[in-house]
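Dropping entry_30.pdb in here (PDB, C-alpha atoms and all ligand atoms):
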ATOM      1  CA  MET A  14      12.773  29.510  11.569
ATOM      2  CA  HIS A  15      14.689  26.429  10.472
ATOM      3  CA  ASP A  16      18.153  25.297  11.562
ATOM      4  CA  PRO A  17      19.791  23.176   8.842
ATOM      5  CA  ASP A  18      21.941  21.392  11.429
ATOM      6  CA  CYS A  19      19.022  20.490  13.722
ATOM      7  CA  LEU A  20      17.790  16.894  13.849
ATOM      8  CA  PHE A  21      14.177  17.818  14.623
ATOM      9  CA  CYS A  22      14.106  20.518  11.914
ATOM     10  CA  LYS A  23      15.161  17.752   9.493
ATOM     11  CA  ILE A  24      12.329  15.542  10.764
ATOM     12  CA  VAL A  25       9.867  18.448  10.441
ATOM     13  CA  ALA A  26      11.082  19.010   6.866
ATOM     14  CA  GLY A  27      10.682  15.306   6.064
ATOM     15  CA  ASP A  28      14.409  14.889   5.373
ATOM     16  CA  ILE A  29      14.721  12.272   8.148
ATOM     17  CA  PRO A  30      11.932   9.720   8.609
ATOM     18  CA  CYS A  31       9.960   9.378  11.815
ATOM     19  CA  SER A  32       7.092   7.335  13.151
ATOM     20  CA  LYS A  33       4.583  10.190  12.961
ATOM     21  CA  VAL A  34       1.406  10.084  15.037
ATOM     22  CA  TYR A  35       0.151  13.655  14.500
ATOM     23  CA  GLU A  36       0.834  16.755  12.432
ATOM     24  CA  ASP A  37      -0.793  20.151  11.959
ATOM     25  CA  ASP A  38       0.454  23.493  10.701
ATOM     26  CA  GLU A  39       2.482  24.294  13.823
ATOM     27  CA  MET A  40       3.525  21.002  15.457
ATOM     28  CA  ILE A  41       4.413  17.388  14.763
ATOM     29  CA  ALA A  42       4.348  14.379  17.110
ATOM     30  CA  PHE A  43       6.217  11.119  16.618
ATOM     31  CA  LYS A  44       7.411   8.085  18.549
ATOM     32  CA  ASP A  45      10.717   8.402  20.386
ATOM     33  CA  ILE A  46      13.319   6.212  18.689
ATOM     34  CA  ARG A  47      14.576   4.985  22.080
ATOM     35  CA  PRO A  48      11.422   4.663  24.189
ATOM     36  CA  ALA A  49      11.851   5.001  27.939
ATOM     37  CA  ALA A  50       8.274   3.787  28.595
ATOM     38  CA  PRO A  51       5.690   1.633  26.763
ATOM     39  CA  VAL A  52       4.303   4.874  25.270
ATOM     40  CA  HIS A  53       6.934   7.503  24.472
ATOM     41  CA  LEU A  54       6.009  10.341  22.123
ATOM     42  CA  LEU A  55       7.709  13.619  21.294
ATOM     43  CA  VAL A  56       5.642  16.733  20.507
ATOM     44  CA  VAL A  57       7.734  19.187  18.498
ATOM     45  CA  PRO A  58       6.872  22.701  17.297
ATOM     46  CA  LYS A  59       7.653  23.117  13.600
ATOM     47  CA  ARG A  60       9.390  26.412  14.330
ATOM     48  CA  HIS A  61      12.941  26.024  15.663
ATOM     49  CA  ILE A  62      12.900  27.103  19.303
ATOM     50  CA  PRO A  63      16.103  25.793  20.948
ATOM     51  CA  SER A  64      14.638  25.109  24.402
ATOM     52  CA  MET A  65      12.309  26.312  27.140
ATOM     53  CA  ALA A  66      15.091  28.744  28.092
ATOM     54  CA  GLN A  67      14.310  30.812  24.971
ATOM     55  CA  VAL A  68      10.516  30.941  25.063
ATOM     56  CA  THR A  69       8.772  34.323  25.186
ATOM     57  CA  ALA A  70       5.220  35.498  25.780
ATOM     58  CA  ASP A  71       4.692  35.266  22.011
ATOM     59  CA  ASP A  72       5.167  31.481  22.278
ATOM     60  CA  ALA A  73       2.468  31.047  24.941
ATOM     61  CA  PRO A  74      -0.391  30.211  22.511
ATOM     62  CA  LEU A  75       1.736  27.590  20.713
ATOM     63  CA  LEU A  76       2.936  26.041  23.982
ATOM     64  CA  GLY A  77      -0.633  26.023  25.257
ATOM     65  CA  ARG A  78      -1.842  24.201  22.172
ATOM     66  CA  MET A  79       0.971  21.647  22.507
ATOM     67  CA  MET A  80       0.033  21.020  26.145
ATOM     68  CA  VAL A  81      -3.645  20.660  25.255
ATOM     69  CA  LYS A  82      -2.802  18.256  22.424
ATOM     70  CA  ALA A  83      -0.658  16.071  24.714
ATOM     71  CA  PRO A  84      -3.444  14.223  26.601
ATOM     72  CA  GLU A  85      -5.286  13.534  23.355
ATOM     73  CA  LEU A  86      -2.124  12.037  21.825
ATOM     74  CA  ALA A  87      -1.385  10.088  25.016
ATOM     75  CA  MET A  88      -4.799   8.424  24.967
ATOM     76  CA  ALA A  89      -4.737   7.811  21.205
ATOM     77  CA  ASN A  90      -1.374   6.056  21.465
ATOM     78  CA  GLY A  91      -1.937   3.627  24.297
ATOM     79  CA  CYS A  92      -1.828   5.443  27.611
ATOM     80  CA  ASN A  93      -4.440   4.251  30.063
ATOM     81  CA  PRO A  94      -7.175   6.556  31.366
ATOM     82  CA  TYR A  95      -6.719   8.846  34.359
ATOM     83  CA  PRO A  96      -6.554   8.313  37.308
ATOM     84  CA  GLU A  97      -5.397   4.667  37.283
ATOM     85  CA  GLY A  98      -3.418   5.229  34.095
ATOM     86  CA  GLY A  99      -2.111   8.642  33.130
ATOM     87  CA  PHE A 100       1.141   9.884  31.666
ATOM     88  CA  ARG A 101       4.136  12.108  32.337
ATOM     89  CA  ILE A 102       5.039  15.241  30.358
ATOM     90  CA  VAL A 103       8.741  16.186  30.492
ATOM     91  CA  VAL A 104      10.639  19.065  28.903
ATOM     92  CA  ASN A 105      14.388  18.632  29.363
ATOM     93  CA  THR A 106      16.141  22.002  29.130
ATOM     94  CA  GLY A 107      19.888  22.544  28.708
ATOM     95  CA  ALA A 108      22.747  20.180  29.470
ATOM     96  CA  GLU A 109      22.041  20.024  33.189
ATOM     97  CA  GLY A 110      18.362  19.520  32.364
ATOM     98  CA  GLY A 111      19.245  16.437  30.320
ATOM     99  CA  GLN A 112      18.490  17.957  26.890
ATOM    100  CA  GLU A 113      20.222  16.228  23.990
ATOM    101  CA  VAL A 114      18.316  17.625  20.997
ATOM    102  CA  HIS A 115      18.284  21.424  21.078
ATOM    103  CA  HIS A 116      14.883  21.930  19.451
ATOM    104  CA  LEU A 117      12.126  22.307  22.034
ATOM    105  CA  HIS A 118      10.011  19.181  22.540
ATOM    106  CA  LEU A 119       7.600  17.656  25.022
ATOM    107  CA  HIS A 120       8.162  14.049  26.018
ATOM    108  CA  ILE A 121       4.913  12.165  26.686
ATOM    109  CA  LEU A 122       5.613   9.000  28.676
ATOM    110  CA  GLY A 123       3.029   6.475  29.745
ATOM    111  CA  GLY A 124       1.801   2.911  29.840
ATOM    112  CA  PRO A 125       2.085   0.185  32.454
ATOM    113  CA  ARG A 126       5.017   0.284  34.902
ATOM    114  CA  PRO A 127       7.876  -0.459  35.198
ATOM    115  CA  TRP A 128       9.493   2.028  32.813
ATOM    116  CA  ARG A 129      13.140   2.016  31.757
ATOM    117  CA  ASN A 130      14.184   4.810  34.119
ATOM    118  CA  GLY A 131      11.499   4.366  36.764
TER     119      GLY A 131
HETATM  120  P1  LIG A 201      16.104  15.170  25.017
HETATM  121  O1  LIG A 201      17.168  14.382  25.716
HETATM  122  O2  LIG A 201      15.044  15.690  25.930
HETATM  123  O3  LIG A 201      16.701  16.221  24.121
HETATM  124  O4  LIG A 201      15.322  14.131  24.109
HETATM  125  C1  LIG A 201      15.702  13.809  22.810
HETATM  126  C2  LIG A 201      14.967  12.547  22.464
HETATM  127  O5  LIG A 201      14.982  12.385  21.057
HETATM  128  C3  LIG A 201      15.564  11.271  23.059
HETATM  129  O6  LIG A 201      14.597  10.637  23.889
HETATM  130  C4  LIG A 201      15.913  10.426  21.831
HETATM  131  O7  LIG A 201      15.663   9.050  22.027
HETATM  132  C5  LIG A 201      15.007  11.025  20.775
HETATM  133  N1  LIG A 201      15.471  10.874  19.401
HETATM  134  C6  LIG A 201      16.711  11.102  18.924
HETATM  135  N2  LIG A 201      16.742  10.904  17.592
HETATM  136  C7  LIG A 201      15.488  10.552  17.222
HETATM  137  C8  LIG A 201      14.869  10.213  15.972
HETATM  138  N3  LIG A 201      15.572  10.197  14.821
HETATM  139  N4  LIG A 201      13.563   9.897  15.973
HETATM  140  C9  LIG A 201      12.853   9.896  17.130
HETATM  141  N5  LIG A 201      13.372  10.220  18.324
HETATM  142  C10 LIG A 201      14.666  10.536  18.375
HETATM  143 ZN    ZN A 202      15.240  22.641  14.953
END
Before anything else, please render the file you have as structure tokens.
Ligand code: AMP
Ligand code: ZN
Amino acid sequence: MHDPDCLFCKIVAGDIPCSKVYEDDEMIAFKDIRPAAPVHLLVVPKRHIPSMAQVTADDAPLLGRMMVKAPELAMANGCNPYPEGGFRIVVNTGAEGGQEVHHLHLHILGGPRPWRNG
């Protein structure tokens, strides 16, 4: 599934550049263009899923692999080790959930405090 009007589909397709930190056959991870923390990555499934509001049981293996990949990417990109360090995983969903790009993505936020939005 690919939405020609979707920003992250364009990044997945390579039509818009990104600062890529990881890619496999089902997901891509890149640096957020407007970081809210010293480390701010986005983990994006290649398939266009609009948000967490649309996920089904069929998506569970993909979502599980994204969640398992997140700590590895956090550590590889500058987050400090648990428990003194750590990171935050956020999935904004819908307008009231603060979602601006309607292609499902995990935010990985980490690094020394303070962060832009606390
Ligand atoms: P959300 O508000 O959860 O939908 O998050 C969308 C995120 O995408 C924001 O943190 C933006 O800074 C980020 N973003 C928007 N455009 C780009 C881009 N071209 N490359 C990387 N990150 C982007
Ligand atoms: Zn998309």
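Nearest-residue note for ligand LIG 201 (chain A): choosing from A:Met40, A:Val104, A:Cys19, A:Ala66, the minimum distance belongs to A:Val104, counting all atoms listed in the file.
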List the residues selected by the PyMOL selection byres (((not hetatm)) within 8 of (chain A and resi 201)) in the file shown, writing them as a PyMOL selection string.
-> chain A and resi 20-21+24+29-32+43-49+55+103-106+111-120
From the set A:Pro63, A:Gly110, A:Pro51, A:Gly123, which residue has the shortest atom-to-atom contact distance to ligand ZN 202 (chain A), counting all atoms listed in the file?
-> A:Pro63
Run the PyMOL selection byres (((chain A and resi 126) around 12) and not hetatm) on the file and write out the hits as JSON, numbers by chain.
-> {"A": [49, 50, 51, 52, 92, 93, 97, 98, 99, 100, 122, 123, 124, 125, 127, 128, 129, 130, 131]}
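Distances from A:Arg60, A:His53, A:Glu85, A:Gly27 to ligand ZN 202 (chain A) were compared using all atoms listed in the file, and the smallest one belongs to A:Arg60.
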Which residues come within 8 Å of Ile41 in chain A, counting all atoms listed in the file, excluding same-chain residues fewer than 3 positions away, as a ChimeraX atom specification?
-> /A:25,33-37,56-59
List the neighbours of His61 in chain A out to 7 Å using only C-alpha atoms; skip same-chain residues closer than 5 positions along the sequence, and give me the result as a PyMOL selection string.
-> chain A and resi 14-16+22+116
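The space between CA of Arg78 in chain A and CA of Lys23 in chain A spans 22.2 Å.
Taking only C-alpha atoms and all ligand atoms into account, ligand ZN 202 (chain A) lies nearest to A:Ser64 out of the set A:Lys82, A:Ala70, A:Asp38, A:Ser64.
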Work out how far CA of Gly107 in chain A is from CA of Ala87 in chain A, in Å to one decimal.
-> 24.9 Å
For ligand ZN 202 (chain A), which residue out of A:Ala83, A:Ala42, A:Ala26, A:Ile62 is the nearest one, using all atoms listed in the file?
-> A:Ile62
Quick one, how far is CA of Gly91 in chain A from CA of Asp72 in chain A?
-> 28.8 Å
Please give the centre and size of the box around range 49-67 of chain A (axis-aligned, containing every atom listed in the file, 6 Å added per side), with values in Å to one decimal and written as AutoDock Vina command-line options.
--center_x 10.2 --center_y 16.2 --center_z 21.1 --size_x 23.8 --size_y 41.2 --size_z 27.0
